[in-house]
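Structure, as structure tokens:
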Amino acid sequence: MNTSGVTLRLLDKADKEILKLPRTVKGAFFDFQHKFRSNPHTTGLKLQQLKGDSRLWSARVNDEYRALLLRLADDDWLIVSVKHRKDVYSRLSYGVNQVTGGIEYVDLEVVEDSVLRRLPAPPAQAPASAEPSTPAQPEPARPLFADWSDEQLSDLGVAESLLPVIRTLATEDQLLGLVEYAPQLTGEVLLALFDGASYDDVLDQVTRPVAATEPVDPDDFEAAAQRPATVVTTTDDALKEALESGDFGRWKVFLHPTQARLVERRYNGPARVGGGPGTGKTIVALHRVRHLVRQLPPGRDKPVLLTTYNKNLAADLRARLLELGGEELLSRVEVSHVDQLALRVVREAEPGNGKQAIDDSRAVREWRGLLDELGEDGWDAEFLHDEWTQVILGQAVGTRTDYFRARRAGRGRNIGRAERAEIWQLAERFTQRLDRLGRQTWDQVAERAARLEIGREQRIQNIARQREEAGGLDNIHLQDGSGGWLRHRYRHIVVDEAQDLRPAHWKMLRAMAPRGADDLFLVGDTHQRIYKNQVTLGSLGVNIRGRSSKLSLSYRTTRQILRSALGVLGETTYDDLDGSEETLAGYRSVLSGGLPAGHAFPDWASEREGVAALIEEWDADSDMAIPHEQIAICVPTNQMAAEMAYTLKVHGIDSVEIRSDGPNGSTGVHIGTMFRFKGLEYQRMVIAGVTDGLVPREAVNSLRDRDPVRHRHEIQRARSLLFVAATRARDSVDVFWHGKPSPFLDESWVASSAPLP
């Protein structure tokens, strides 16, 4: 029998189920799918149709386990589950979702068992009394979804087979028990309703983005398998990747339909994707790069730029892009952090510029040195540095007169004409000092690169006008000093962590790609802004109005961690990079786990001992032990990081320092300051030193009276930093402090802590 045309797919839910199986069964399953593709009717596979079902079949994986498959067509099969042979005949439900048009599969017995296990404990019986009395019967809890009809839930995309179980749900714990085994859209809809979203909001934000674009035939399983809502994998390599990598590698194989639509959409200009931590913004950016490369004509150039704000993240993006598409994909993409890119532009134009580039902290020290030399004690070095970078450099102010007219929106402290004259004179002295020392700040580099690229773009536009005036004929116009045709550096630019770029970076990037379809694609979340670079993109030539989207489903952070992390942000408002307010309304997770824990200690030394004891406790429990590389400890300062590493070493626990370019080693617990963990993720996160005066710094607290606006900005930035740290975790977050806890920690953290020893 010729079966060379057999198609075998693996449903997303089945993949998650298989990841939990013993390693030997995973290996047997990988062998099984090879044999099935060769000939599903091989005797050893024992392929047979389940009694009373026209479409569901079972096949032998090994002596103990069976694969359950839907026969979509003659030689087209979909694996929906892998079960122990004794569970093959449980109550199973499958069908085509009327909203998404995707195939859904539910094991009703597993769902019901999960819900029943989470029934609230019965109230304790009162002790027997001498006089019998009729005990008051507690009122039954009101069902969670009593306000919505079956028809409304079905219209939102909830699996109809689960409606009877949904009607029994009375607690959040029971709901989470159902969501664990329900189809993904069902879980998203129910959690959004439970979290307070209205029917119309869920319809707009959850259901419509994944709805089928054509009428759905509930009997056409073959068509259903082709729709984005049926998340499947078909190739050996993709299957092997999912099985071997576990959850950390699944992003390379599966995209949520909402993400896929953002990746593949054609935009008429710059576009932005926002969303909270763990919603897959970086995943979307990486897949967007692959999508853009696939549209390119053949060649060996690199017309796509993938950039972000620091070296550490750029290295991570390069590694992940290589994982996603191999050397073939990487060969068409320039991956660079934005300061490195700006420095290259400047050095190309100024080959003799050998100045050392210094970061903000070093620049502030140089400001202090200047003020000390001049005997100036009326100005704060950090204020002057911010004024210079955000106003003078940020607005490309070239003269003292221009500075007198420059807008200072959001700078807080009002300064008059005489004070501006003093600041301008100090700024001139500061730049002279840097020149004398052979140094330049990254802000200077970015501003110079922006001017160079804007000039390049203007020359390109002039050539285009001349060509148009000449009836389309080209003049020979060589790029200065290069011997090559003058053209934009890139065709497409993708930016990750967009909220942390400087204004000059945006001006540079805007000039680097021709204005038009799919030119700039940026992802970011201003709630995670950890630097001072507040920008309005429209004022910098990056117009994203009407082309902004938001991801709201977290794939990394559990609901329990998410709630505590959102509490860290407080009531502070955040911008959306375009002059409006951004919120995390509707941000949610379908993942569930333990509650975050707080740990209080009398001093820093005992706090470090507490962290070491916690890791030793995890290591001693076989159910909790994980590779140390999946544990991270972040602290407020470099000195505290070094002291924490020493304490762990005393306890025989290896550690790895997180530097600007990534981990300094391959084995051990990762330790670094909070800034270093942006864009990274771990199974367990320890945040230490979350003490008042450290988070936020005492210097920030001192601004409360003398510069309220600056104080507000610095507090917002400190909250964002702690929020970023807490949301790096997949499974657990433990927060440690000594003395008085940070004011950013609400009662949920403090109440969970053990008493001081």
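Going by the structure tokens order, chains are called A, B, ..., each with residues numbered from 1, while ligands are numbered from 1 in the order shown.
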Taking only residues of segment 297-397 of chain A that have an atom at most 10 Å from an atom of segment 493-505 of chain A, what is each one's shortest atom pair and its distance in Å to one decimal, using only C-alpha atoms, in chain and number order, as JSON lines?
```
{"residue": "A:Pro303", "atom": "CA", "partner": "A:Ile493", "partner_atom": "CA", "distance": 8.5}
{"residue": "A:Val304", "atom": "CA", "partner": "A:Ile493", "partner_atom": "CA", "distance": 5.8}
{"residue": "A:Leu305", "atom": "CA", "partner": "A:Ile493", "partner_atom": "CA", "distance": 4.7}
{"residue": "A:Leu306", "atom": "CA", "partner": "A:Val494", "partner_atom": "CA", "distance": 4.9}
{"residue": "A:Thr307", "atom": "CA", "partner": "A:Val495", "partner_atom": "CA", "distance": 5.1}
{"residue": "A:Thr308", "atom": "CA", "partner": "A:Asp496", "partner_atom": "CA", "distance": 5.0}
{"residue": "A:Tyr309", "atom": "CA", "partner": "A:Leu501", "partner_atom": "CA", "distance": 6.0}
{"residue": "A:Asn310", "atom": "CA", "partner": "A:Asp500", "partner_atom": "CA", "distance": 9.4}
{"residue": "A:Leu313", "atom": "CA", "partner": "A:Asp496", "partner_atom": "CA", "distance": 8.8}
{"residue": "A:Ala314", "atom": "CA", "partner": "A:Asp496", "partner_atom": "CA", "distance": 9.1}
{"residue": "A:Leu317", "atom": "CA", "partner": "A:Asp496", "partner_atom": "CA", "distance": 8.9}
{"residue": "A:Val333", "atom": "CA", "partner": "A:Ile493", "partner_atom": "CA", "distance": 9.7}
{"residue": "A:Glu334", "atom": "CA", "partner": "A:Ile493", "partner_atom": "CA", "distance": 9.5}
{"residue": "A:Val335", "atom": "CA", "partner": "A:Val494", "partner_atom": "CA", "distance": 9.7}
{"residue": "A:His337", "atom": "CA", "partner": "A:Val495", "partner_atom": "CA", "distance": 9.6}
{"residue": "A:Val338", "atom": "CA", "partner": "A:His505", "partner_atom": "CA", "distance": 7.0}
{"residue": "A:Asp339", "atom": "CA", "partner": "A:His505", "partner_atom": "CA", "distance": 8.1}
{"residue": "A:Leu341", "atom": "CA", "partner": "A:His505", "partner_atom": "CA", "distance": 9.5}
{"residue": "A:Ala342", "atom": "CA", "partner": "A:His505", "partner_atom": "CA", "distance": 7.8}
{"residue": "A:Thr389", "atom": "CA", "partner": "A:Arg502", "partner_atom": "CA", "distance": 9.3}
{"residue": "A:Gln390", "atom": "CA", "partner": "A:Pro503", "partner_atom": "CA", "distance": 8.3}
{"residue": "A:Leu393", "atom": "CA", "partner": "A:Ala504", "partner_atom": "CA", "distance": 8.1}
{"residue": "A:Gly394", "atom": "CA", "partner": "A:Pro503", "partner_atom": "CA", "distance": 6.0}
{"residue": "A:Gln395", "atom": "CA", "partner": "A:Pro503", "partner_atom": "CA", "distance": 8.3}
{"residue": "A:Ala396", "atom": "CA", "partner": "A:Ala504", "partner_atom": "CA", "distance": 8.7}
```
Grab the residues selected above and save them as a PDB file, in the first residue's frame with C-alpha atoms.
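Full text of result_22.pdb as output:
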```pdb
ATOM      1  CA  PRO A 303      18.685  45.162   4.246  1.00  0.00           C
ATOM      2  CA  VAL A 304      16.942  44.344   7.556  1.00  0.00           C
ATOM      3  CA  LEU A 305      18.135  45.884  10.838  1.00  0.00           C
ATOM      4  CA  LEU A 306      17.215  44.362  14.204  1.00  0.00           C
ATOM      5  CA  THR A 307      18.231  46.671  17.035  1.00  0.00           C
ATOM      6  CA  THR A 308      17.682  47.297  20.734  1.00  0.00           C
ATOM      7  CA  TYR A 309      19.098  49.551  23.426  1.00  0.00           C
ATOM      8  CA  ASN A 310      22.044  47.572  24.870  1.00  0.00           C
ATOM      9  CA  LEU A 313      19.920  42.271  24.641  1.00  0.00           C
ATOM     10  CA  ALA A 314      21.436  42.539  21.162  1.00  0.00           C
ATOM     11  CA  LEU A 317      18.448  38.688  19.936  1.00  0.00           C
ATOM     12  CA  VAL A 333      19.965  40.727   8.951  1.00  0.00           C
ATOM     13  CA  GLU A 334      22.130  43.285  10.723  1.00  0.00           C
ATOM     14  CA  VAL A 335      21.828  42.775  14.502  1.00  0.00           C
ATOM     15  CA  HIS A 337      22.529  47.575  19.654  1.00  0.00           C
ATOM     16  CA  VAL A 338      21.632  51.137  18.811  1.00  0.00           C
ATOM     17  CA  ASP A 339      24.634  52.848  20.438  1.00  0.00           C
ATOM     18  CA  LEU A 341      25.204  51.439  15.360  1.00  0.00           C
ATOM     19  CA  ALA A 342      25.465  55.169  16.068  1.00  0.00           C
ATOM     20  CA  THR A 389      21.145  65.388  27.304  1.00  0.00           C
ATOM     21  CA  GLN A 390      17.363  65.828  27.209  1.00  0.00           C
ATOM     22  CA  LEU A 393      21.322  67.484  22.853  1.00  0.00           C
ATOM     23  CA  GLY A 394      17.808  66.036  22.699  1.00  0.00           C
ATOM     24  CA  GLN A 395      16.514  69.062  20.754  1.00  0.00           C
ATOM     25  CA  ALA A 396      19.771  69.601  18.840  1.00  0.00           C
TER      26      ALA A 396
END
```
Please build the interface table for segment 459-562 of chain A against segment 730-743 of chain A with a cut-off of 12 Å, listing for each qualifying residue the nearest atom pair and the distance in Å to one decimal; count only C-alpha atoms, order rows by chain and increasing number, and write it as a tab-separated table.
```
residue	atom	partner	partner_atom	distance
A:Ser554	CA	A:Arg730	CA	10.2
A:Tyr555	CA	A:Arg730	CA	8.7
A:Arg556	CA	A:Arg730	CA	5.1
A:Thr557	CA	A:Arg730	CA	5.0
A:Thr558	CA	A:Arg730	CA	6.7
A:Arg559	CA	A:Asp731	CA	10.4
A:Gln560	CA	A:Ser732	CA	9.1
A:Ile561	CA	A:Val733	CA	7.0
A:Leu562	CA	A:Arg730	CA	10.3
```
Please run DSSP on the backbone and report, as a VMD selection string, all residues within segment 50-276 of chain A that come out as strand (DSSP E).
chain A and resid 56 to 60 65 to 73 76 to 84 92 to 96 103 to 107 232 to 233 271 to 275
Run DSSP on the backbone and grab whatever in segment 187-414 of chain A lands in alpha helix (DSSP H); send it over as a PyMOL selection string.
chain A and resi 187-194+199-202+221-226+236-245+257-264+281-294+311-330+338-349+360-374+381-387+400-405
Tell me, as a count of residues only, which residues lie within 7 Å of segment 146-156 of chain A, counting only C-alpha atoms; anything in the same chain fewer than 3 positions away does not count.
8
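With only C-alpha atoms as the atoms that count, the residue of A:Pro663, A:Asp518, A:Ser548, A:Leu321 with the shortest distance to Gln295 of chain A is A:Asp518.
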Can you write out as JSON lines which residues of segment 271-375 of chain A fall within 9 Å of segment 451-461 of chain A, alongside each residue's closest atom pair and its distance in Å to one decimal, counting only C-alpha atoms and ordering rows by chain and ascending residue number?
```
{"residue": "A:Val345", "atom": "CA", "partner": "A:Leu452", "partner_atom": "CA", "distance": 7.7}
{"residue": "A:Val346", "atom": "CA", "partner": "A:Leu452", "partner_atom": "CA", "distance": 7.6}
{"residue": "A:Ala349", "atom": "CA", "partner": "A:Leu452", "partner_atom": "CA", "distance": 7.9}
```
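Counting only C-alpha atoms and comparing A:Tyr267, A:Trp442, A:Tyr94, A:Phe675, the residue that lies closest to Arg545 of chain A is A:Tyr267.
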Could you name the residues that touch Arg227 of chain A at 8 Å or less, counting only C-alpha atoms, but leaving out those on the same chain fewer than 4 positions away, as a ChimeraX atom specification?
/A:101-102,212,223
Residues from last step as file, C-alpha atoms, as a tab-separated table (two decimals), in the first residue's frame:
```
chain	number	residue	atom	x	y	z
A	101	GLY	CA	-12.69	27.68	12.77
A	102	GLY	CA	-9.90	25.80	14.53
A	212	ALA	CA	-11.98	33.12	11.19
A	223	ALA	CA	-10.02	23.10	6.18
```
Which distance in Å separates atom CA of Arg429 of chain A and atom CA of Glu376 of chain A, to one decimal?
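Computing it gives 12.6 Å between the two atoms.
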Which is closest to Leu694 of chain A among A:Ala450, A:Ile626, A:Val650, A:Ile715, if we use only C-alpha atoms?
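Residue with the minimum atom-to-atom distance to Leu694 of chain A: A:Ile715.
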Show which residues sit within 9 Å of Leu329 of chain A, as a list of chain:residue names. Count only C-alpha atoms, and ignore same-chain residues fewer than 6 positions away.
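The contact residues come out as A:Val289, A:Arg290, A:Val293, A:Arg294, A:Leu321, A:Leu322.
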Okay, now the selection with N, CA and C atoms, as a short mmCIF file (atom, residue, chain, number, x, y, z; two decimals), in the first residue's frame?
```cif
data_model
loop_
_atom_site.label_atom_id
_atom_site.label_comp_id
_atom_site.auth_asym_id
_atom_site.auth_seq_id
_atom_site.Cartn_x
_atom_site.Cartn_y
_atom_site.Cartn_z
N VAL A 289 11.03 39.83 11.74
CA VAL A 289 12.28 39.86 10.98
C VAL A 289 12.30 38.72 9.97
N ARG A 290 11.96 37.52 10.40
CA ARG A 290 11.95 36.38 9.48
C ARG A 290 10.96 36.60 8.34
N VAL A 293 12.43 39.08 5.86
CA VAL A 293 13.51 38.48 5.08
C VAL A 293 12.94 37.58 3.98
N ARG A 294 11.88 36.86 4.30
CA ARG A 294 11.27 35.97 3.31
C ARG A 294 10.69 36.74 2.13
N LEU A 321 17.61 34.72 17.04
CA LEU A 321 17.34 34.77 15.60
C LEU A 321 18.04 33.60 14.90
N LEU A 322 19.23 33.26 15.37
CA LEU A 322 19.94 32.11 14.83
C LEU A 322 19.17 30.83 15.12
#
```
Tell me which protein, DNA and RNA residues are within 8 Å of Ser552 of chain A, counting only C-alpha atoms, leaving out same-chain ones fewer than 4 positions away, and put them as a ChimeraX atom specification.
/A:275-276,279,584,586-588
Mind giving me the straight-line distance from atom CA of Glu104 of chain A to atom CA of Gln683 of chain A in Å, one decimal?
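Atom CA of Glu104 of chain A sits 29.2 Å away from atom CA of Gln683 of chain A.
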Skip segment 527-531 of chain A itself and residues of its chain fewer than 3 positions away, then list as a VMD selection string all residues within 7 Å of it, counting only C-alpha atoms.
chain A and resid 499 to 500 574 717 720 to 721 724
